[in-house]
>>> print(open('upload-v4.txt').read())   # compact mmCIF, N, CA and C atoms
# COMPACT_ATOMS: atom_id res chain seq x y z
N GLN A 1102 -19.06 38.83 -64.75
CA GLN A 1102 -17.65 38.68 -65.07
C GLN A 1102 -16.80 39.12 -63.90
N VAL A 1103 -15.72 38.42 -63.71
CA VAL A 1103 -14.75 38.75 -62.66
C VAL A 1103 -13.38 38.84 -63.31
N GLN A 1104 -12.66 39.88 -62.98
CA GLN A 1104 -11.29 40.03 -63.46
C GLN A 1104 -10.34 39.83 -62.27
N LEU A 1105 -9.27 39.10 -62.52
CA LEU A 1105 -8.29 38.78 -61.48
C LEU A 1105 -6.91 39.24 -61.93
N VAL A 1106 -6.20 39.89 -61.02
CA VAL A 1106 -4.84 40.35 -61.32
C VAL A 1106 -3.93 39.93 -60.18
N GLU A 1107 -2.91 39.12 -60.52
CA GLU A 1107 -1.94 38.67 -59.52
C GLU A 1107 -0.76 39.63 -59.46
N SER A 1108 -0.14 39.67 -58.29
CA SER A 1108 1.09 40.44 -58.12
C SER A 1108 1.88 39.84 -56.98
N GLY A 1109 3.15 40.26 -56.86
CA GLY A 1109 3.95 39.83 -55.74
C GLY A 1109 4.99 38.78 -56.05
N GLY A 1110 4.98 38.28 -57.27
CA GLY A 1110 5.99 37.28 -57.63
C GLY A 1110 7.37 37.90 -57.72
N GLY A 1111 8.37 37.04 -57.86
CA GLY A 1111 9.73 37.54 -57.99
C GLY A 1111 10.74 36.44 -57.77
N LEU A 1112 11.97 36.85 -57.56
CA LEU A 1112 13.09 35.94 -57.33
C LEU A 1112 13.44 35.96 -55.86
N VAL A 1113 13.57 34.79 -55.26
CA VAL A 1113 13.88 34.69 -53.85
C VAL A 1113 14.79 33.49 -53.63
N GLN A 1114 15.61 33.56 -52.62
CA GLN A 1114 16.47 32.43 -52.30
C GLN A 1114 15.70 31.36 -51.55
N ALA A 1115 16.15 30.15 -51.65
CA ALA A 1115 15.54 29.04 -50.92
C ALA A 1115 15.53 29.37 -49.43
N GLY A 1116 14.39 29.06 -48.80
CA GLY A 1116 14.20 29.39 -47.39
C GLY A 1116 13.55 30.73 -47.16
N GLY A 1117 13.45 31.52 -48.20
CA GLY A 1117 12.86 32.84 -48.09
C GLY A 1117 11.34 32.82 -48.20
N SER A 1118 10.76 34.03 -48.24
CA SER A 1118 9.31 34.18 -48.26
C SER A 1118 8.88 35.16 -49.34
N LEU A 1119 7.66 34.97 -49.81
CA LEU A 1119 7.00 35.90 -50.71
C LEU A 1119 5.52 35.91 -50.35
N ARG A 1120 4.86 37.03 -50.65
CA ARG A 1120 3.41 37.09 -50.51
C ARG A 1120 2.80 37.49 -51.85
N LEU A 1121 1.98 36.62 -52.37
CA LEU A 1121 1.27 36.90 -53.61
C LEU A 1121 -0.09 37.51 -53.28
N SER A 1122 -0.52 38.41 -54.16
CA SER A 1122 -1.84 39.02 -54.02
C SER A 1122 -2.65 38.75 -55.27
N CYS A 1123 -3.95 38.61 -55.09
CA CYS A 1123 -4.88 38.45 -56.21
C CYS A 1123 -6.01 39.45 -56.00
N ALA A 1124 -6.02 40.48 -56.82
CA ALA A 1124 -7.03 41.53 -56.71
C ALA A 1124 -8.16 41.24 -57.69
N ALA A 1125 -9.38 41.24 -57.17
CA ALA A 1125 -10.55 40.94 -57.99
C ALA A 1125 -11.35 42.20 -58.27
N SER A 1126 -11.90 42.26 -59.45
CA SER A 1126 -12.80 43.36 -59.80
C SER A 1126 -13.94 42.80 -60.65
N GLY A 1127 -14.97 43.58 -60.82
CA GLY A 1127 -16.13 43.11 -61.56
C GLY A 1127 -17.22 42.67 -60.60
N ARG A 1128 -17.87 41.57 -60.90
CA ARG A 1128 -19.00 41.10 -60.10
C ARG A 1128 -18.52 40.31 -58.88
N THR A 1129 -17.86 41.01 -57.99
CA THR A 1129 -17.28 40.35 -56.84
C THR A 1129 -18.27 40.15 -55.70
N GLU A 1130 -19.52 40.60 -55.88
CA GLU A 1130 -20.49 40.43 -54.81
C GLU A 1130 -21.01 39.01 -54.72
N SER A 1131 -20.74 38.20 -55.74
CA SER A 1131 -21.24 36.83 -55.75
C SER A 1131 -20.42 35.94 -54.83
N ASN A 1132 -20.87 34.75 -54.67
CA ASN A 1132 -20.32 33.78 -53.73
C ASN A 1132 -19.20 33.00 -54.42
N TYR A 1133 -17.98 33.50 -54.36
CA TYR A 1133 -16.88 32.87 -55.06
C TYR A 1133 -15.88 32.21 -54.12
N ARG A 1134 -15.45 31.03 -54.52
CA ARG A 1134 -14.27 30.42 -53.92
C ARG A 1134 -13.08 30.86 -54.76
N VAL A 1135 -11.94 31.12 -54.11
CA VAL A 1135 -10.74 31.56 -54.81
C VAL A 1135 -9.61 30.58 -54.52
N ALA A 1136 -8.82 30.31 -55.54
CA ALA A 1136 -7.73 29.36 -55.39
C ALA A 1136 -6.46 29.87 -56.06
N TRP A 1137 -5.35 29.27 -55.66
CA TRP A 1137 -4.08 29.45 -56.33
C TRP A 1137 -3.68 28.11 -56.95
N PHE A 1138 -3.26 28.19 -58.18
CA PHE A 1138 -2.68 27.06 -58.89
C PHE A 1138 -1.29 27.50 -59.34
N ARG A 1139 -0.47 26.54 -59.72
CA ARG A 1139 0.85 26.88 -60.25
C ARG A 1139 1.21 25.92 -61.38
N GLN A 1140 2.08 26.42 -62.24
CA GLN A 1140 2.52 25.61 -63.38
C GLN A 1140 3.99 25.83 -63.61
N ALA A 1141 4.75 24.76 -63.46
CA ALA A 1141 6.18 24.78 -63.74
C ALA A 1141 6.40 24.41 -65.21
N PRO A 1142 7.53 24.80 -65.79
CA PRO A 1142 7.80 24.48 -67.20
C PRO A 1142 7.70 22.98 -67.46
N GLY A 1143 6.91 22.63 -68.48
CA GLY A 1143 6.77 21.25 -68.86
C GLY A 1143 5.85 20.43 -67.97
N GLU A 1144 5.22 21.08 -67.00
CA GLU A 1144 4.34 20.37 -66.07
C GLU A 1144 2.90 20.83 -66.24
N ASP A 1145 1.98 20.02 -65.73
CA ASP A 1145 0.58 20.42 -65.70
C ASP A 1145 0.37 21.49 -64.62
N ARG A 1146 -0.70 22.25 -64.80
CA ARG A 1146 -1.05 23.23 -63.78
C ARG A 1146 -1.61 22.47 -62.57
N GLU A 1147 -1.10 22.76 -61.39
CA GLU A 1147 -1.49 22.01 -60.21
C GLU A 1147 -2.07 22.91 -59.13
N PHE A 1148 -2.93 22.33 -58.34
CA PHE A 1148 -3.58 23.03 -57.24
C PHE A 1148 -2.57 23.33 -56.14
N VAL A 1149 -2.72 24.52 -55.55
CA VAL A 1149 -1.87 24.92 -54.43
C VAL A 1149 -2.70 25.13 -53.17
N ALA A 1150 -3.70 25.99 -53.25
CA ALA A 1150 -4.51 26.32 -52.07
C ALA A 1150 -5.81 26.96 -52.52
N SER A 1151 -6.84 26.84 -51.67
CA SER A 1151 -8.10 27.50 -51.96
C SER A 1151 -8.74 27.98 -50.67
N ILE A 1152 -9.63 28.95 -50.82
CA ILE A 1152 -10.34 29.50 -49.68
C ILE A 1152 -11.78 29.76 -50.09
N SER A 1153 -12.70 29.40 -49.22
CA SER A 1153 -14.11 29.54 -49.54
C SER A 1153 -14.55 30.98 -49.37
N SER A 1154 -15.73 31.26 -49.90
CA SER A 1154 -16.40 32.50 -49.57
C SER A 1154 -17.05 32.32 -48.21
N SER A 1155 -17.52 33.38 -47.61
CA SER A 1155 -18.10 33.22 -46.29
C SER A 1155 -19.17 34.27 -46.06
N GLY A 1156 -20.29 33.82 -45.50
CA GLY A 1156 -21.31 34.76 -45.09
C GLY A 1156 -21.27 35.00 -43.60
N ASN A 1157 -20.39 34.32 -42.91
CA ASN A 1157 -20.34 34.45 -41.45
C ASN A 1157 -18.92 34.52 -40.92
N SER A 1158 -17.98 34.95 -41.77
CA SER A 1158 -16.58 35.12 -41.39
C SER A 1158 -15.87 33.82 -41.07
N ILE A 1159 -16.45 32.70 -41.44
CA ILE A 1159 -15.77 31.41 -41.29
C ILE A 1159 -15.36 30.95 -42.68
N TYR A 1160 -14.08 30.72 -42.86
CA TYR A 1160 -13.56 30.33 -44.16
C TYR A 1160 -13.02 28.91 -44.10
N TYR A 1161 -13.22 28.20 -45.18
CA TYR A 1161 -12.70 26.85 -45.30
C TYR A 1161 -11.56 26.87 -46.30
N VAL A 1162 -10.42 26.30 -45.89
CA VAL A 1162 -9.24 26.32 -46.74
C VAL A 1162 -8.80 24.91 -47.05
N ASN A 1163 -8.15 24.79 -48.19
CA ASN A 1163 -7.56 23.52 -48.62
C ASN A 1163 -6.14 23.81 -49.10
N TYR A 1164 -5.24 22.87 -48.86
CA TYR A 1164 -3.86 23.01 -49.31
C TYR A 1164 -3.39 21.72 -49.97
N ALA A 1165 -2.56 21.88 -50.96
CA ALA A 1165 -1.84 20.73 -51.49
C ALA A 1165 -0.86 20.24 -50.43
N ASN A 1166 -0.63 18.95 -50.39
CA ASN A 1166 0.28 18.38 -49.38
C ASN A 1166 1.68 18.99 -49.48
N SER A 1167 2.08 19.33 -50.70
CA SER A 1167 3.44 19.84 -50.91
C SER A 1167 3.66 21.23 -50.29
N VAL A 1168 2.59 21.95 -49.99
CA VAL A 1168 2.75 23.30 -49.44
C VAL A 1168 2.17 23.45 -48.05
N LYS A 1169 1.52 22.42 -47.57
CA LYS A 1169 0.89 22.49 -46.25
C LYS A 1169 1.95 22.82 -45.20
N ASP A 1170 1.60 23.66 -44.27
CA ASP A 1170 2.47 24.12 -43.18
C ASP A 1170 3.52 25.13 -43.64
N ARG A 1171 3.58 25.42 -44.94
CA ARG A 1171 4.51 26.46 -45.43
C ARG A 1171 3.76 27.64 -46.04
N PHE A 1172 2.64 27.37 -46.68
CA PHE A 1172 1.86 28.41 -47.35
C PHE A 1172 0.58 28.67 -46.57
N THR A 1173 0.12 29.91 -46.62
CA THR A 1173 -1.13 30.29 -45.98
C THR A 1173 -1.95 31.15 -46.93
N ILE A 1174 -3.19 30.74 -47.15
CA ILE A 1174 -4.09 31.51 -48.00
C ILE A 1174 -5.05 32.29 -47.10
N SER A 1175 -5.34 33.52 -47.49
CA SER A 1175 -6.27 34.34 -46.72
C SER A 1175 -6.97 35.30 -47.68
N ARG A 1176 -8.05 35.91 -47.18
CA ARG A 1176 -8.76 36.85 -48.05
C ARG A 1176 -9.23 38.04 -47.25
N ASP A 1177 -9.25 39.17 -47.92
CA ASP A 1177 -9.76 40.42 -47.35
C ASP A 1177 -10.91 40.85 -48.24
N ASN A 1178 -12.11 40.55 -47.82
CA ASN A 1178 -13.27 40.82 -48.67
C ASN A 1178 -13.49 42.31 -48.88
N ALA A 1179 -13.12 43.10 -47.89
CA ALA A 1179 -13.29 44.54 -48.04
C ALA A 1179 -12.42 45.08 -49.17
N MET A 1180 -11.28 44.43 -49.37
CA MET A 1180 -10.35 44.86 -50.42
C MET A 1180 -10.48 44.01 -51.68
N ASN A 1181 -11.40 43.03 -51.65
CA ASN A 1181 -11.56 42.11 -52.79
C ASN A 1181 -10.20 41.50 -53.18
N THR A 1182 -9.45 41.08 -52.19
CA THR A 1182 -8.12 40.56 -52.44
C THR A 1182 -7.89 39.26 -51.68
N VAL A 1183 -7.25 38.33 -52.34
CA VAL A 1183 -6.83 37.07 -51.73
C VAL A 1183 -5.31 37.03 -51.74
N TYR A 1184 -4.75 36.54 -50.65
CA TYR A 1184 -3.30 36.50 -50.50
C TYR A 1184 -2.81 35.05 -50.39
N LEU A 1185 -1.58 34.85 -50.79
CA LEU A 1185 -0.90 33.58 -50.57
C LEU A 1185 0.46 33.90 -49.96
N GLN A 1186 0.57 33.65 -48.67
CA GLN A 1186 1.84 33.84 -47.97
C GLN A 1186 2.65 32.56 -48.12
N MET A 1187 3.83 32.69 -48.69
CA MET A 1187 4.67 31.53 -48.96
C MET A 1187 5.95 31.64 -48.15
N ASN A 1188 6.15 30.71 -47.23
CA ASN A 1188 7.34 30.70 -46.38
C ASN A 1188 8.16 29.44 -46.67
N SER A 1189 9.40 29.46 -46.23
CA SER A 1189 10.30 28.31 -46.39
C SER A 1189 10.29 27.82 -47.83
N LEU A 1190 10.44 28.73 -48.75
CA LEU A 1190 10.35 28.38 -50.17
C LEU A 1190 11.47 27.44 -50.59
N LYS A 1191 11.12 26.55 -51.51
CA LYS A 1191 12.04 25.56 -52.04
C LYS A 1191 12.16 25.77 -53.55
N SER A 1192 13.22 25.23 -54.12
CA SER A 1192 13.41 25.37 -55.56
C SER A 1192 12.25 24.76 -56.33
N GLU A 1193 11.66 23.72 -55.79
CA GLU A 1193 10.53 23.06 -56.47
C GLU A 1193 9.25 23.90 -56.43
N ASP A 1194 9.26 25.00 -55.71
CA ASP A 1194 8.11 25.91 -55.74
C ASP A 1194 8.17 26.86 -56.93
N THR A 1195 9.26 26.83 -57.67
CA THR A 1195 9.40 27.69 -58.84
C THR A 1195 8.33 27.36 -59.87
N ALA A 1196 7.57 28.37 -60.26
CA ALA A 1196 6.46 28.16 -61.20
C ALA A 1196 5.80 29.51 -61.48
N VAL A 1197 4.91 29.51 -62.44
CA VAL A 1197 3.99 30.63 -62.60
C VAL A 1197 2.77 30.33 -61.73
N TYR A 1198 2.41 31.28 -60.91
CA TYR A 1198 1.30 31.11 -59.99
C TYR A 1198 0.08 31.86 -60.52
N TYR A 1199 -1.04 31.15 -60.57
CA TYR A 1199 -2.28 31.69 -61.11
C TYR A 1199 -3.35 31.76 -60.02
N CYS A 1200 -4.07 32.85 -60.02
CA CYS A 1200 -5.24 33.00 -59.17
C CYS A 1200 -6.47 32.59 -59.98
N ALA A 1201 -7.42 31.93 -59.33
CA ALA A 1201 -8.63 31.49 -60.02
C ALA A 1201 -9.83 31.68 -59.12
N ALA A 1202 -10.97 31.94 -59.70
CA ALA A 1202 -12.21 32.11 -58.94
C ALA A 1202 -13.33 31.32 -59.59
N GLY A 1203 -14.17 30.75 -58.74
CA GLY A 1203 -15.31 30.00 -59.23
C GLY A 1203 -16.47 30.14 -58.26
N LEU A 1204 -17.67 30.10 -58.80
CA LEU A 1204 -18.85 30.18 -57.94
C LEU A 1204 -18.88 29.00 -57.00
N HIS A 1205 -19.08 29.30 -55.74
CA HIS A 1205 -19.06 28.26 -54.72
C HIS A 1205 -20.34 27.45 -54.76
N THR A 1206 -20.23 26.14 -54.86
CA THR A 1206 -21.38 25.25 -54.79
C THR A 1206 -21.07 24.13 -53.80
N ALA A 1207 -22.11 23.45 -53.34
CA ALA A 1207 -21.92 22.38 -52.37
C ALA A 1207 -21.15 21.20 -52.94
N THR A 1208 -21.23 21.02 -54.25
CA THR A 1208 -20.58 19.87 -54.88
C THR A 1208 -19.24 20.23 -55.52
N MET A 1209 -18.82 21.44 -55.37
CA MET A 1209 -17.58 21.88 -56.01
C MET A 1209 -16.38 21.17 -55.41
N ASN A 1210 -15.49 20.68 -56.27
CA ASN A 1210 -14.20 20.15 -55.81
C ASN A 1210 -13.22 21.31 -55.79
N PRO A 1211 -12.83 21.76 -54.62
CA PRO A 1211 -12.01 22.97 -54.55
C PRO A 1211 -10.60 22.81 -55.12
N THR A 1212 -10.17 21.58 -55.34
CA THR A 1212 -8.81 21.37 -55.84
C THR A 1212 -8.76 21.14 -57.35
N SER A 1213 -9.90 21.14 -57.99
CA SER A 1213 -9.96 20.85 -59.42
C SER A 1213 -10.03 22.13 -60.24
N ARG A 1214 -9.25 22.20 -61.31
CA ARG A 1214 -9.30 23.35 -62.20
C ARG A 1214 -10.69 23.55 -62.79
N ALA A 1215 -11.43 22.46 -62.94
CA ALA A 1215 -12.74 22.53 -63.59
C ALA A 1215 -13.73 23.41 -62.83
N GLY A 1216 -13.50 23.61 -61.56
CA GLY A 1216 -14.44 24.40 -60.77
C GLY A 1216 -14.26 25.89 -60.87
N TYR A 1217 -13.24 26.31 -61.59
CA TYR A 1217 -12.90 27.73 -61.61
C TYR A 1217 -13.03 28.28 -63.03
N GLY A 1218 -13.89 29.28 -63.18
CA GLY A 1218 -14.15 29.82 -64.50
C GLY A 1218 -13.40 31.10 -64.80
N TYR A 1219 -12.78 31.67 -63.80
CA TYR A 1219 -12.07 32.93 -64.00
C TYR A 1219 -10.62 32.75 -63.56
N TRP A 1220 -9.71 33.27 -64.39
CA TRP A 1220 -8.28 33.08 -64.13
C TRP A 1220 -7.55 34.40 -64.37
N GLY A 1221 -6.50 34.60 -63.56
CA GLY A 1221 -5.61 35.71 -63.80
C GLY A 1221 -4.55 35.36 -64.82
N GLN A 1222 -3.66 36.31 -65.06
CA GLN A 1222 -2.64 36.12 -66.08
C GLN A 1222 -1.40 35.42 -65.55
N GLY A 1223 -1.28 35.31 -64.24
CA GLY A 1223 -0.16 34.61 -63.63
C GLY A 1223 0.97 35.53 -63.21
N THR A 1224 1.72 35.09 -62.21
CA THR A 1224 2.90 35.82 -61.75
C THR A 1224 4.01 34.81 -61.49
N GLN A 1225 5.21 35.15 -61.95
CA GLN A 1225 6.33 34.21 -61.87
C GLN A 1225 6.96 34.24 -60.49
N VAL A 1226 7.17 33.05 -59.95
CA VAL A 1226 7.91 32.88 -58.70
C VAL A 1226 9.12 32.00 -59.02
N THR A 1227 10.30 32.50 -58.72
CA THR A 1227 11.53 31.76 -58.95
C THR A 1227 12.29 31.66 -57.64
N VAL A 1228 12.58 30.42 -57.24
CA VAL A 1228 13.31 30.18 -56.01
C VAL A 1228 14.68 29.63 -56.37
N SER A 1229 15.71 30.34 -55.99
CA SER A 1229 17.07 29.91 -56.30
C SER A 1229 17.63 29.10 -55.14
N SER A 1230 18.33 28.05 -55.50
CA SER A 1230 18.88 27.17 -54.46
C SER A 1230 20.32 27.54 -54.14
>>> encode(input="upload-v4.txt", output="structure tokens")
Amino acid sequence: QVQLVESGGGLVQAGGSLRLSCAASGRTESNYRVAWFRQAPGEDREFVASISSSGNSIYYVNYANSVKDRFTISRDNAMNTVYLQMNSLKSEDTAVYYCAAGLHTATMNPTSRAGYGYWGQGTQVTVSS
């Protein structure tokens, strides 16, 4: 079992920045890919970014087109924490942001919710225009 707790959400003006954190506990020694998803009111939960696990300090990342070049995902394995640095925020980034973890496999689709078995409770990000 893996437990995930997000933090760092809040209210920010358009053009501003926030950094979300996802702290993992439990069986974190396994080979997990971690992702961020978000869900706006009345919308489906959508993929934002993901980062692979690594045995050699090389990480593979994926981003949704809507956040590419604005958001950066990173991980600190020593702290069992994954971060999402969000810059140049737009009103359309307003959503509840969820951290998710799933065992890394060669056939895993990193952008699909189906690949992630563990989810946090979410943190609200509100961008005012």
>>> atom_distance(input="upload-v4.txt", atom1="atom C of Gln1102 (chain A)", atom2="atom N of Tyr1184 (chain A)")
18.1 Å
>>> closest_residue(input="upload-v4.txt", among="A:Asn1163, A:Gln1104, A:Asn1181, A:Gln1140", to="Ala1201 (chain A)", atoms="only C-alpha atoms")
A:Gln1104
>>> closest_residue(input="upload-v4.txt", among="A:Glu1147, A:Glu1107, A:Glu1193, A:Asp1177", to="Trp1220 (chain A)", atoms="only N, CA and C atoms")
A:Glu1107
>>> select_by_dssp(input="upload-v4.txt", residues="region 1112-1215 of chain A", states="strand (DSSP E)", output="ChimeraX atom specification")
/A:1112-1114,1119-1127,1133-1140,1147-1152,1162-1164,1172-1177,1182-1187,1196-1204
>>> residues_near_point(input="upload-v4.txt", point="(-7.4, 41.1, -55.5)", cutoff="6 Å", atoms="only N, CA and C atoms", output="count of residues only")
9
>>> residues_around(input="upload-v4.txt", residues="Ala1141 (chain A)", least_positions_apart="3", cutoff="5 Å", atoms="all atoms listed in the file", output="PyMOL selection string")
chain A and resi 1144+1196-1197
>>> closest_residue(input="upload-v4.txt", among="A:Cys1200, A:Met1187, A:Ile1159, A:Ile1174", to="Val1113 (chain A)", atoms="only C-alpha atoms")
A:Met1187
>>> atom_distance(input="upload-v4.txt", atom1="CA of Leu1121 (chain A)", atom2="atom N of Gly1223 (chain A)")
11.0 Å
>>> atom_distance(input="upload-v4.txt", atom1="CA of Gly1117 (chain A)", atom2="CA of Phe1138 (chain A)")
19.8 Å
>>> residues_around(input="upload-v4.txt", residues="Arg1134 (chain A)", least_positions_apart="4", cutoff="7 Å", atoms="only N, CA and C atoms", output="PyMOL selection string")
chain A and resi 1151-1154+1201-1206
>>> residues_around(input="upload-v4.txt", residues="Leu1112 (chain A)", least_positions_apart="6", cutoff="7 Å", atoms="only C-alpha atoms", output="list in words")
Val1226, Thr1227 and Val1228 of chain A
>>> closest_residue(input="upload-v4.txt", among="A:Ala1207, A:Ser1192, A:Ser1213, A:Tyr1219", to="Ala1115 (chain A)", atoms="only N, CA and C atoms")
A:Ser1192
>>> axis_aligned_box(input="upload-v4.txt", around="region 1199-1206 of chain A", padding_each_side="8 Å", output="AutoDock Vina command-line options")
--center_x -11.2 --center_y 28.6 --center_z -57.5 --size_x 36.3 --size_y 24.9 --size_z 23.3
>>> residues_around(input="upload-v4.txt", residues="Gln1186 (chain A)", least_positions_apart="5", cutoff="12 Å", atoms="only C-alpha atoms", output="MDAnalysis selection string")
chainID A and resid 1109:1110 1117:1123 1137 1149:1150 1168:1176
>>> decode(input="upload-v4.txt", residues="region 1203-1225 of chain A", atoms="N, CA, C and O atoms", output="PDB file, in the first residue's frame")
ATOM      1  N   GLY A1203       1.495   4.479  -9.630  1.00  0.00           N
ATOM      2  CA  GLY A1203       1.218   3.160 -10.167  1.00  0.00           C
ATOM      3  C   GLY A1203       2.519   2.421 -10.420  1.00  0.00           C
ATOM      4  O   GLY A1203       3.528   3.044 -10.744  1.00  0.00           O
ATOM      5  N   LEU A1204       2.464   1.115 -10.276  1.00  0.00           N
ATOM      6  CA  LEU A1204       3.657   0.319 -10.533  1.00  0.00           C
ATOM      7  C   LEU A1204       4.075   0.475 -11.984  1.00  0.00           C
ATOM      8  O   LEU A1204       3.257   0.359 -12.895  1.00  0.00           O
ATOM      9  N   HIS A1205       5.342   0.748 -12.161  1.00  0.00           N
ATOM     10  CA  HIS A1205       5.856   0.988 -13.507  1.00  0.00           C
ATOM     11  C   HIS A1205       6.002  -0.317 -14.265  1.00  0.00           C
ATOM     12  O   HIS A1205       6.636  -1.258 -13.786  1.00  0.00           O
ATOM     13  N   THR A1206       5.419  -0.401 -15.447  1.00  0.00           N
ATOM     14  CA  THR A1206       5.588  -1.551 -16.324  1.00  0.00           C
ATOM     15  C   THR A1206       5.938  -1.050 -17.717  1.00  0.00           C
ATOM     16  O   THR A1206       5.699   0.109 -18.057  1.00  0.00           O
ATOM     17  N   ALA A1207       6.472  -1.945 -18.539  1.00  0.00           N
ATOM     18  CA  ALA A1207       6.879  -1.560 -19.887  1.00  0.00           C
ATOM     19  C   ALA A1207       5.694  -1.173 -20.758  1.00  0.00           C
ATOM     20  O   ALA A1207       5.828  -0.380 -21.691  1.00  0.00           O
ATOM     21  N   THR A1208       4.529  -1.715 -20.456  1.00  0.00           N
ATOM     22  CA  THR A1208       3.348  -1.453 -21.279  1.00  0.00           C
ATOM     23  C   THR A1208       2.441  -0.379 -20.692  1.00  0.00           C
ATOM     24  O   THR A1208       1.387  -0.089 -21.242  1.00  0.00           O
ATOM     25  N   MET A1209       2.839   0.204 -19.609  1.00  0.00           N
ATOM     26  CA  MET A1209       1.994   1.193 -18.947  1.00  0.00           C
ATOM     27  C   MET A1209       1.834   2.439 -19.804  1.00  0.00           C
ATOM     28  O   MET A1209       2.817   2.965 -20.345  1.00  0.00           O
ATOM     29  N   ASN A1210       0.608   2.927 -19.931  1.00  0.00           N
ATOM     30  CA  ASN A1210       0.357   4.218 -20.569  1.00  0.00           C
ATOM     31  C   ASN A1210       0.426   5.274 -19.477  1.00  0.00           C
ATOM     32  O   ASN A1210      -0.464   5.354 -18.635  1.00  0.00           O
ATOM     33  N   PRO A1211       1.463   6.094 -19.478  1.00  0.00           N
ATOM     34  CA  PRO A1211       1.651   7.022 -18.365  1.00  0.00           C
ATOM     35  C   PRO A1211       0.597   8.123 -18.278  1.00  0.00           C
ATOM     36  O   PRO A1211       0.510   8.806 -17.261  1.00  0.00           O
ATOM     37  N   THR A1212      -0.180   8.313 -19.334  1.00  0.00           N
ATOM     38  CA  THR A1212      -1.177   9.385 -19.328  1.00  0.00           C
ATOM     39  C   THR A1212      -2.578   8.893 -18.989  1.00  0.00           C
ATOM     40  O   THR A1212      -3.507   9.697 -18.927  1.00  0.00           O
ATOM     41  N   SER A1213      -2.721   7.611 -18.770  1.00  0.00           N
ATOM     42  CA  SER A1213      -4.042   7.038 -18.517  1.00  0.00           C
ATOM     43  C   SER A1213      -4.279   6.840 -17.029  1.00  0.00           C
ATOM     44  O   SER A1213      -3.426   6.301 -16.316  1.00  0.00           O
ATOM     45  N   ARG A1214      -5.464   7.213 -16.565  1.00  0.00           N
ATOM     46  CA  ARG A1214      -5.818   7.002 -15.164  1.00  0.00           C
ATOM     47  C   ARG A1214      -5.764   5.524 -14.787  1.00  0.00           C
ATOM     48  O   ARG A1214      -5.499   5.176 -13.639  1.00  0.00           O
ATOM     49  N   ALA A1215      -6.007   4.658 -15.761  1.00  0.00           N
ATOM     50  CA  ALA A1215      -6.082   3.221 -15.483  1.00  0.00           C
ATOM     51  C   ALA A1215      -4.764   2.659 -14.961  1.00  0.00           C
ATOM     52  O   ALA A1215      -4.755   1.605 -14.320  1.00  0.00           O
ATOM     53  N   GLY A1216      -3.670   3.328 -15.231  1.00  0.00           N
ATOM     54  CA  GLY A1216      -2.377   2.808 -14.805  1.00  0.00           C
ATOM     55  C   GLY A1216      -2.010   3.111 -13.379  1.00  0.00           C
ATOM     56  O   GLY A1216      -0.981   2.653 -12.879  1.00  0.00           O
ATOM     57  N   TYR A1217      -2.850   3.869 -12.705  1.00  0.00           N
ATOM     58  CA  TYR A1217      -2.503   4.348 -11.365  1.00  0.00           C
ATOM     59  C   TYR A1217      -3.499   3.805 -10.343  1.00  0.00           C
ATOM     60  O   TYR A1217      -4.693   4.077 -10.421  1.00  0.00           O
ATOM     61  N   GLY A1218      -2.965   3.064  -9.374  1.00  0.00           N
ATOM     62  CA  GLY A1218      -3.825   2.437  -8.388  1.00  0.00           C
ATOM     63  C   GLY A1218      -3.920   3.188  -7.076  1.00  0.00           C
ATOM     64  O   GLY A1218      -4.777   2.876  -6.241  1.00  0.00           O
ATOM     65  N   TYR A1219      -3.074   4.164  -6.901  1.00  0.00           N
ATOM     66  CA  TYR A1219      -3.061   4.910  -5.645  1.00  0.00           C
ATOM     67  C   TYR A1219      -3.265   6.394  -5.946  1.00  0.00           C
ATOM     68  O   TYR A1219      -2.623   6.941  -6.854  1.00  0.00           O
ATOM     69  N   TRP A1220      -4.129   7.021  -5.145  1.00  0.00           N
ATOM     70  CA  TRP A1220      -4.481   8.418  -5.388  1.00  0.00           C
ATOM     71  C   TRP A1220      -4.482   9.172  -4.062  1.00  0.00           C
ATOM     72  O   TRP A1220      -4.849   8.631  -3.015  1.00  0.00           O
ATOM     73  N   GLY A1221      -4.093  10.455  -4.150  1.00  0.00           N
ATOM     74  CA  GLY A1221      -4.229  11.328  -3.009  1.00  0.00           C
ATOM     75  C   GLY A1221      -5.611  11.933  -2.946  1.00  0.00           C
ATOM     76  O   GLY A1221      -6.462  11.659  -3.795  1.00  0.00           O
ATOM     77  N   GLN A1222      -5.815  12.795  -1.958  1.00  0.00           N
ATOM     78  CA  GLN A1222      -7.133  13.380  -1.746  1.00  0.00           C
ATOM     79  C   GLN A1222      -7.354  14.635  -2.571  1.00  0.00           C
ATOM     80  O   GLN A1222      -8.480  15.123  -2.678  1.00  0.00           O
ATOM     81  N   GLY A1223      -6.302  15.178  -3.151  1.00  0.00           N
ATOM     82  CA  GLY A1223      -6.419  16.352  -4.004  1.00  0.00           C
ATOM     83  C   GLY A1223      -6.133  17.653  -3.278  1.00  0.00           C
ATOM     84  O   GLY A1223      -6.299  17.751  -2.058  1.00  0.00           O
ATOM     85  N   THR A1224      -5.688  18.639  -4.047  1.00  0.00           N
ATOM     86  CA  THR A1224      -5.457  19.980  -3.508  1.00  0.00           C
ATOM     87  C   THR A1224      -5.984  20.990  -4.524  1.00  0.00           C
ATOM     88  O   THR A1224      -5.782  20.846  -5.728  1.00  0.00           O
ATOM     89  N   GLN A1225      -6.688  21.993  -4.021  1.00  0.00           N
ATOM     90  CA  GLN A1225      -7.352  22.960  -4.898  1.00  0.00           C
ATOM     91  C   GLN A1225      -6.367  24.016  -5.373  1.00  0.00           C
ATOM     92  O   GLN A1225      -5.633  24.608  -4.572  1.00  0.00           O
TER      93      GLN A1225
END
